[in-house]
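Trainee: Next comes entry15.txt, compact mmCIF, C-alpha atoms:
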```txt
# COMPACT_ATOMS: atom_id res chain seq x y z
CA MET A 1 5.60 15.72 19.29
CA GLY A 2 5.43 13.00 16.66
CA THR A 3 6.57 13.18 13.04
CA LEU A 4 5.50 11.79 9.70
CA SER A 5 8.90 11.38 8.06
CA ILE A 6 8.29 9.19 5.01
CA ALA A 7 5.23 8.65 2.81
CA ALA A 8 5.16 6.21 -0.08
CA LYS A 9 2.99 4.25 -2.49
CA VAL A 10 4.43 0.74 -2.84
CA THR A 11 3.88 -2.53 -4.64
CA HIS A 12 3.18 -5.83 -2.89
CA VAL A 13 3.04 -8.24 -5.83
CA PRO A 14 3.40 -11.90 -4.78
CA THR A 15 5.95 -12.50 -7.52
CA MET A 16 8.41 -10.64 -5.30
CA LEU A 17 8.48 -13.76 -3.15
CA LEU A 18 8.84 -16.03 -6.17
CA SER A 19 11.66 -13.80 -7.35
CA GLU A 20 13.70 -15.00 -4.35
CA GLN A 21 13.34 -18.66 -5.28
CA PRO A 22 15.10 -20.78 -7.92
CA GLY A 23 13.13 -21.30 -11.09
CA ARG A 24 11.63 -19.44 -14.02
CA LEU A 25 10.88 -16.28 -12.02
CA ALA A 26 14.16 -16.07 -10.11
CA GLY A 27 15.26 -12.44 -9.91
CA CYS A 28 12.27 -11.12 -11.84
CA ARG A 29 11.23 -8.59 -9.17
CA GLN A 30 14.63 -7.64 -7.83
CA SER A 31 14.09 -3.99 -8.67
CA ALA A 32 10.88 -3.92 -6.62
CA ILE A 33 12.62 -5.63 -3.69
CA ASP A 34 15.53 -3.21 -3.95
CA GLY A 35 13.03 -0.35 -3.95
CA HIS A 36 11.48 -1.56 -0.71
CA ARG A 37 14.89 -1.85 0.87
CA GLU A 38 15.86 1.65 -0.26
CA ILE A 39 12.68 3.07 1.25
CA ALA A 40 13.47 1.24 4.51
CA ARG A 41 17.03 2.58 4.45
CA ARG A 42 15.69 6.12 4.21
CA ALA A 43 13.20 5.44 7.00
CA LYS A 44 15.99 4.28 9.29
CA ALA A 45 18.07 7.32 8.40
CA ALA A 46 15.08 9.51 9.31
CA GLY A 47 14.71 7.80 12.68
CA VAL A 48 11.38 6.13 11.92
CA ASP A 49 10.16 3.78 14.65
CA THR A 50 6.74 2.74 13.29
CA ILE A 51 5.37 1.86 9.85
CA VAL A 52 1.66 2.39 9.25
CA VAL A 53 0.57 0.23 6.31
CA LEU A 54 -2.59 1.01 4.31
CA ASP A 55 -3.39 -2.52 3.19
CA THR A 56 -5.55 -3.00 0.08
CA HIS A 57 -5.73 -6.74 0.78
CA TRP A 58 -7.65 -6.24 4.01
CA LEU A 59 -11.28 -6.15 2.91
CA VAL A 60 -13.87 -4.53 5.18
CA ASN A 61 -17.60 -4.14 4.61
CA ALA A 62 -18.56 -1.80 7.47
CA GLY A 63 -16.62 0.92 9.24
CA HIS A 64 -12.88 1.53 9.07
CA HIS A 65 -10.53 -0.78 10.93
CA ILE A 66 -6.99 -0.93 12.32
CA ASN A 67 -5.05 -4.01 13.38
CA ALA A 68 -3.14 -2.60 16.34
CA ASN A 69 -1.94 -5.67 18.17
CA ALA A 70 1.07 -5.34 20.44
CA HIS A 71 2.66 -8.26 18.62
CA TYR A 72 1.93 -10.07 15.36
CA GLN A 73 3.00 -13.63 14.79
CA GLY A 74 1.80 -16.32 12.43
CA ILE A 75 2.28 -18.41 9.31
CA TYR A 76 0.47 -17.05 6.27
CA THR A 77 -0.78 -18.71 3.10
CA SER A 78 -2.71 -16.56 0.64
CA HIS A 79 -6.25 -17.65 -0.15
CA GLU A 80 -6.03 -15.64 -3.38
CA PHE A 81 -2.69 -16.99 -4.57
CA PRO A 82 -1.87 -20.14 -2.57
CA HIS A 83 0.58 -21.15 -5.30
CA PHE A 84 2.47 -17.86 -4.83
CA ILE A 85 2.49 -17.27 -1.07
CA GLN A 86 2.68 -20.35 1.15
CA ASN A 87 3.76 -20.83 4.76
CA LEU A 88 5.17 -17.32 5.13
CA SER A 89 6.28 -16.95 8.74
CA TYR A 90 6.13 -13.50 10.31
CA SER A 91 6.75 -11.86 13.66
CA TYR A 92 6.60 -8.10 14.25
CA GLU A 93 6.04 -5.74 17.13
CA GLY A 94 3.00 -3.48 16.98
CA ASN A 95 2.05 -0.05 18.27
CA PRO A 96 -1.40 -0.26 19.93
CA GLU A 97 -1.21 3.27 21.30
CA LEU A 98 -0.78 4.81 17.86
CA GLY A 99 -3.48 2.59 16.34
CA ASN A 100 -5.91 3.59 19.07
CA ALA A 101 -5.07 7.26 18.63
CA ILE A 102 -5.68 7.13 14.86
CA ALA A 103 -9.07 5.45 15.35
CA ALA A 104 -10.09 7.96 18.01
CA LYS A 105 -9.08 10.92 15.87
CA ALA A 106 -10.92 9.57 12.80
CA THR A 107 -14.06 8.99 14.85
CA GLU A 108 -13.74 12.52 16.21
CA LYS A 109 -13.78 13.67 12.57
CA GLY A 110 -17.03 11.80 11.95
CA VAL A 111 -15.62 8.63 10.39
CA HIS A 112 -16.38 5.52 12.44
CA MET A 113 -13.09 3.70 12.94
CA MET A 114 -12.12 0.91 15.32
CA SER A 115 -8.70 -0.16 16.55
CA HIS A 116 -8.42 -3.85 17.38
CA GLN A 117 -6.15 -5.81 19.68
CA VAL A 118 -7.24 -9.35 18.84
CA ASP A 119 -4.58 -12.05 18.75
CA THR A 120 -6.42 -14.03 16.07
CA LEU A 121 -6.73 -11.02 13.72
CA ASP A 122 -4.05 -11.90 11.18
CA LEU A 123 -2.12 -9.62 8.88
CA GLU A 124 -2.83 -9.67 5.15
CA TYR A 125 -0.21 -9.85 2.43
CA GLY A 126 -0.56 -6.19 1.55
CA THR A 127 1.24 -5.71 4.86
CA LEU A 128 3.33 -8.87 4.96
CA VAL A 129 5.04 -8.53 1.58
CA PRO A 130 6.36 -4.98 2.17
CA MET A 131 7.36 -5.87 5.72
CA ARG A 132 9.38 -8.82 4.45
CA TYR A 133 11.73 -6.41 2.70
CA MET A 134 11.30 -3.16 4.65
CA ASN A 135 11.39 -4.71 8.10
CA GLU A 136 13.74 -7.67 7.73
CA ASP A 137 15.52 -6.91 11.00
CA LYS A 138 12.25 -6.08 12.80
CA ASN A 139 13.54 -2.58 13.45
CA PHE A 140 10.11 -1.00 13.01
CA LYS A 141 6.84 -1.42 14.84
CA VAL A 142 3.87 -2.11 12.55
CA VAL A 143 0.28 -0.85 12.41
CA SER A 144 -1.98 -2.22 9.64
CA VAL A 145 -5.01 -0.31 8.36
CA ALA A 146 -7.77 -1.84 6.22
CA ALA A 147 -7.76 -0.15 2.81
CA TRP A 148 -9.96 -2.45 0.68
CA CYS A 149 -13.08 -0.51 1.51
CA THR A 150 -16.16 -1.81 -0.29
CA VAL A 151 -18.94 0.50 0.93
CA HIS A 152 -16.94 3.60 1.79
CA SER A 153 -16.39 6.94 0.08
CA LEU A 154 -13.02 8.31 -0.94
CA GLU A 155 -13.97 11.40 1.06
CA GLU A 156 -14.15 9.26 4.20
CA SER A 157 -10.73 7.85 3.43
CA ARG A 158 -9.38 11.36 2.93
CA ARG A 159 -10.55 12.21 6.46
CA VAL A 160 -8.99 9.01 7.79
CA GLY A 161 -5.70 10.15 6.27
CA GLU A 162 -6.06 13.55 7.93
CA ALA A 163 -6.73 11.80 11.23
CA MET A 164 -3.59 9.71 10.79
CA ARG A 165 -1.44 12.80 10.31
CA GLU A 166 -2.93 14.50 13.36
CA ALA A 167 -2.65 11.39 15.54
CA ILE A 168 0.96 10.87 14.46
CA GLU A 169 1.89 14.47 15.22
CA ASN A 170 0.21 14.23 18.63
CA SER A 171 2.14 11.04 19.45
CA ASP A 172 5.72 10.33 20.46
CA ASN A 173 6.35 8.37 17.26
CA ASN A 174 8.35 8.88 14.09
CA VAL A 175 6.29 7.27 11.35
CA MET A 176 6.51 6.03 7.79
CA LEU A 177 3.13 5.79 6.06
CA ILE A 178 2.89 3.42 3.09
CA ALA A 179 -0.04 2.92 0.74
CA SER A 180 0.34 -0.74 -0.21
CA GLY A 181 -1.42 -1.28 -3.51
CA SER A 182 -1.15 -1.13 -7.26
CA LEU A 183 -1.99 1.61 -9.71
CA SER A 184 -4.36 0.05 -12.27
CA HIS A 185 -5.50 -3.39 -11.16
CA GLN A 186 -7.21 -5.33 -13.96
CA ILE A 187 -5.71 -8.79 -13.56
CA TRP A 188 -5.59 -10.78 -16.78
CA GLU A 189 -8.63 -12.96 -17.46
CA ASN A 190 -7.71 -16.54 -16.66
CA HIS A 191 -8.06 -17.84 -20.21
CA LEU A 192 -5.87 -15.03 -21.56
CA TYR A 193 -3.12 -15.12 -18.94
CA GLU A 194 -0.66 -17.62 -20.44
CA LYS A 195 -1.03 -16.58 -24.07
CA ASN A 196 -0.24 -12.97 -23.09
CA ASN A 197 2.75 -13.79 -20.85
CA GLY A 198 0.55 -12.44 -18.08
CA THR A 199 3.17 -12.28 -15.34
CA PHE A 200 5.01 -9.52 -17.17
CA THR A 201 2.34 -7.65 -19.14
CA ILE A 202 -0.44 -5.13 -18.61
CA SER A 203 -3.96 -6.32 -19.39
CA ARG A 204 -5.22 -3.05 -20.90
CA GLU A 205 -3.17 -0.49 -22.82
CA PHE A 206 -5.63 2.17 -21.69
CA HIS A 207 -4.76 1.39 -18.09
CA ARG A 208 -1.03 1.63 -18.77
CA GLN A 209 -1.44 5.02 -20.41
CA VAL A 210 -3.48 6.38 -17.51
CA ASP A 211 -0.98 4.96 -14.99
CA LEU A 212 1.86 6.73 -16.80
CA ARG A 213 -0.11 9.97 -16.83
CA VAL A 214 -0.68 9.66 -13.07
CA LEU A 215 3.04 9.19 -12.49
CA ASP A 216 3.74 12.28 -14.58
CA LEU A 217 1.30 14.27 -12.44
CA TRP A 218 2.87 12.99 -9.21
CA GLN A 219 6.37 13.82 -10.40
CA ALA A 220 5.21 17.31 -11.41
CA GLY A 221 3.53 17.88 -8.04
CA ASP A 222 0.18 18.40 -9.77
CA THR A 223 -1.88 16.87 -7.00
CA LYS A 224 -4.99 18.92 -7.78
CA THR A 225 -5.31 17.40 -11.25
CA PHE A 226 -4.67 13.90 -9.91
CA LEU A 227 -7.30 14.22 -7.19
CA ALA A 228 -9.82 15.56 -9.70
CA MET A 229 -9.43 12.35 -11.71
CA LEU A 230 -9.05 9.95 -8.75
CA PRO A 231 -12.69 8.72 -8.55
CA GLU A 232 -12.81 7.88 -12.26
CA TYR A 233 -9.27 6.52 -12.21
CA ALA A 234 -10.18 4.14 -9.40
CA LYS A 235 -13.34 3.06 -11.22
CA PHE A 236 -12.27 2.73 -14.83
CA CYS A 237 -8.76 1.44 -14.16
CA CYS A 238 -9.96 -0.96 -11.45
CA GLY A 239 -7.84 0.65 -8.72
CA GLU A 240 -6.87 -1.88 -6.08
CA GLY A 241 -9.07 -1.64 -3.01
CA GLY A 242 -10.93 1.19 -4.71
CA MET A 243 -7.70 3.18 -4.22
CA HIS A 244 -8.70 3.96 -0.65
CA ASP A 245 -5.06 3.54 0.32
CA THR A 246 -4.17 6.36 -2.03
CA ALA A 247 -6.96 8.60 -0.73
CA MET A 248 -5.76 8.01 2.83
CA LEU A 249 -2.17 8.74 1.81
CA PHE A 250 -3.03 12.04 0.16
CA GLY A 251 -5.31 12.92 3.06
CA ALA A 252 -2.29 12.58 5.33
CA LEU A 253 -0.15 14.63 2.95
CA GLY A 254 -2.58 17.56 2.87
CA TRP A 255 -4.88 16.56 -0.02
CA ASP A 256 -5.09 19.24 -2.71
CA LYS A 257 -2.76 21.57 -0.81
CA TYR A 258 0.09 19.09 -1.31
CA ASN A 259 2.29 20.01 -4.27
CA ALA A 260 5.66 18.35 -3.67
CA LYS A 261 7.20 16.38 -6.51
CA ALA A 262 7.17 12.61 -6.07
CA GLU A 263 10.31 10.51 -6.51
CA ILE A 264 10.11 7.23 -8.39
CA ILE A 265 12.14 4.63 -6.48
CA THR A 266 11.23 1.62 -8.64
CA ASP A 267 10.24 2.30 -12.23
CA TYR A 268 6.72 1.40 -13.34
CA PHE A 269 6.29 -2.25 -14.25
CA PRO A 270 3.36 -4.50 -15.20
CA SER A 271 2.56 -7.62 -13.20
CA SER A 272 -0.24 -10.11 -13.91
CA GLY A 273 -2.08 -7.42 -15.84
CA THR A 274 -1.68 -4.68 -13.22
CA GLY A 275 0.45 -1.54 -12.98
CA GLN A 276 3.03 -1.36 -10.19
CA VAL A 277 5.52 1.14 -8.80
CA ASN A 278 7.39 2.27 -5.68
CA VAL A 279 7.12 6.05 -5.14
CA ILE A 280 8.13 8.38 -2.30
CA PHE A 281 6.19 11.58 -1.63
CA PRO A 282 8.33 14.20 0.16
CA ILE A 283 6.78 15.43 3.40
CA ARG A 284 5.71 19.06 3.56
```
Let me see whether you can do it: turn the structure in this file into structure tokens.
Mentor:
Amino acid sequence: MGTLSIAAKVTHVPTMLLSEQPGRLAGCRQSAIDGHREIARRAKAAGVDTIVVLDTHWLVNAGHHINANAHYQGIYTSHEFPHFIQNLSYSYEGNPELGNAIAAKATEKGVHMMSHQVDTLDLEYGTLVPMRYMNEDKNFKVVSVAAWCTVHSLEESRRVGEAMREAIENSDNNVMLIASGSLSHQIWENHLYEKNNGTFTISREFHRQVDLRVLDLWQAGDTKTFLAMLPEYAKFCCGEGGMHDTAMLFGALGWDKYNAKAEIITDYFPSSGTGQVNVIFPIR
């Protein structure tokens, strides 16, 4: 009997990597890095063996997809931010059996989902950045799920999340599920970035206020209110990946039946116009 032991919504901002390097941004994201490491520490303490990452930087235009290779290895440079993430080496073990089981269970629920074992299918940085800090010693196996879903409904993603929970509990694995993506995600317009100190500011005050309200709801365990506003939140606050990672996460947690109070691990912070946080959702 498998177990979902940890569930979290986490940041993956590229400035976390720059924070490690000498220069103007040295140390600027240490709290986010520390938050990732704290989440990993708790996962180890809970006996987690596999991390399933809901990656809002993996864009898909048809169906739902899982990268379930037995082993991942490569050198990654971001097409989006080549000046931020360059030549990032990675090597992790995967869990094909769990990836296959999730895809089969989702398809059984009427959501077409495919699990892939293709050596040339690379990981995206929504997976690679958290794994850099959560899986430094390669203690955990990794499964990456596409969560930038362009022609999909949030209802489908809810069912994918339900399928994940069922597949995990039917497995022999102890799993941490992380939704890797921002809250609001309106990156500063290029011509406004420098004059607004864009690396450290939010691009819209409206978005910041809604983000803070969402965090209040999560900390109060008021999931029903949050889910009622999720479609508009994703639309009007430009939720990363359409917030399909978040829909999958709450699907796995029990959707509107979930009422546990979230724990903020890294306080809310703006980055390049977007709203970021590390949050753990206790398992019920």
Trainee: List as a list of chain:residue names the protein and nucleic acid residues near range 214-226 of chain A, meaning an atom at most 6 Å away when all atoms listed in the file are counted, but skip any in the same chain fewer than 6 places from it.
Mentor: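 Counting all atoms listed in the file, the residues come to A:Asp256, A:Asn259, A:Ala260, A:Lys261, A:Ala262.
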Trainee: Could you turn the residues from that selection into a file that holds C-alpha atoms, as a PDB file, in the coordinates of the input?
Mentor:
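Produced file selection04.pdb, reproduced below:
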```
ATOM      1  CA  ASP A 256      -5.090  19.240  -2.710  1.00  0.00           C
ATOM      2  CA  ASN A 259       2.290  20.010  -4.270  1.00  0.00           C
ATOM      3  CA  ALA A 260       5.660  18.350  -3.670  1.00  0.00           C
ATOM      4  CA  LYS A 261       7.200  16.380  -6.510  1.00  0.00           C
ATOM      5  CA  ALA A 262       7.170  12.610  -6.070  1.00  0.00           C
TER       6      ALA A 262
END
```
Trainee: Within 7 Å of range 105-118 of chain A, counting only C-alpha atoms, which residues show up once you throw out same-chain ones fewer than 5 positions away? Write them as JSON, numbers by chain, please.
Mentor: {"A": [63, 64, 65, 66, 67, 68, 69, 99, 100, 156, 159, 160, 163, 167]}
Trainee: Counting only C-alpha atoms, what is within 10 Å of range 194-207 of chain A, bar same-chain residues fewer than 6 positions away, as a PyMOL selection string?
Mentor: chain A and resi 15+25+28+183-188+213+233+236-239+269-276
Trainee: For Met164 in chain A, which residue among A:Gly242, A:Gly47, A:Gly23, A:Gly251 is the nearest when counting all atoms listed in the file?
Mentor: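 Distance minimum relative to Met164 in chain A lands on A:Gly251.
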Trainee: So the first atom is CA of Val145 in chain A and the second is CA of Ser157 in chain A; what is the distance between them in Å, to one decimal place?
Mentor: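 Going from CA of Val145 in chain A over to CA of Ser157 in chain A, I get 11.1 Å.
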Trainee: What residues have an atom no more than 12 Å from (-4.5, 6.2, -1.6) in the file's own frame, counting all atoms listed in the file, and can you write them as an MDAnalysis selection string?
Mentor: chainID A and resid 7:10 53:56 145:149 154:161 177:183 226:227 230:231 233:234 239:253 255 281
Trainee: When you look at Asn139 in chain A with a cut-off of 9 Å (counting only C-alpha atoms), what residues show up, excluding the ones that are within fewer than 2 positions of it in the same chain? I need them as a PyMOL selection string.
Mentor: chain A and resi 44+49-50+92-93+135-137+141
Trainee: Residues within 10 Å of His36 in chain A, please, as a list of chain:residue names. Count only C-alpha atoms; anything in the same chain fewer than 6 positions from it doesn't count.
Mentor: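 Residues meeting the cut-off are A:Val10, A:Thr11, A:His12, A:Gln30, A:Val129, A:Pro130, A:Met131, A:Arg132, A:Tyr133, A:Met134, A:Asn135, A:Ile265, A:Thr266, A:Asn278, A:Val279.
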Trainee: What is the distance between CA of Leu88 in chain A and CA of Glu38 in chain A, in Å to one decimal?
Mentor: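 Computed distance, CA of Leu88 in chain A to CA of Glu38 in chain A, equals 22.4 Å.
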Trainee: Closest to Phe84 in chain A among A:Ile39, A:Met16, A:Leu123, A:Met176, using all atoms listed in the file?
Mentor: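 So, comparing all the options, the nearest one is A:Met16.
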Trainee: Quote the spacing between CA of Val142 in chain A and CA of Ala32 in chain A in Å to one decimal place.
Mentor: 20.5 Å
Trainee: So which one's closest to Val143 in chain A, A:Val52, A:Glu97, A:His71, A:Ile168? Using only C-alpha atoms, please.
Mentor: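 Selected residue with least distance to Val143 in chain A: A:Val52.
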Trainee: From the set A:Lys138, A:Leu18, A:Arg41, A:Tyr125, which residue has the shortest atom-to-atom contact distance to Glu80 in chain A, counting only C-alpha atoms?
Mentor: A:Tyr125
Trainee: Tell me which of A:Ala40, A:Asn190, A:Asp122, A:Pro96 sits closest to Thr77 in chain A, counting only C-alpha atoms.
Mentor: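 Nearest candidate to Thr77 in chain A out of A:Ala40, A:Asn190, A:Asp122, A:Pro96: A:Asp122.
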Trainee: From the list A:Ile264, A:Leu4, A:Leu128, A:Val13, which residue is nearest Tyr76 in chain A when using all atoms listed in the file?
Mentor: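 Among the listed residues, the smallest separation from Tyr76 in chain A belongs to A:Leu128.
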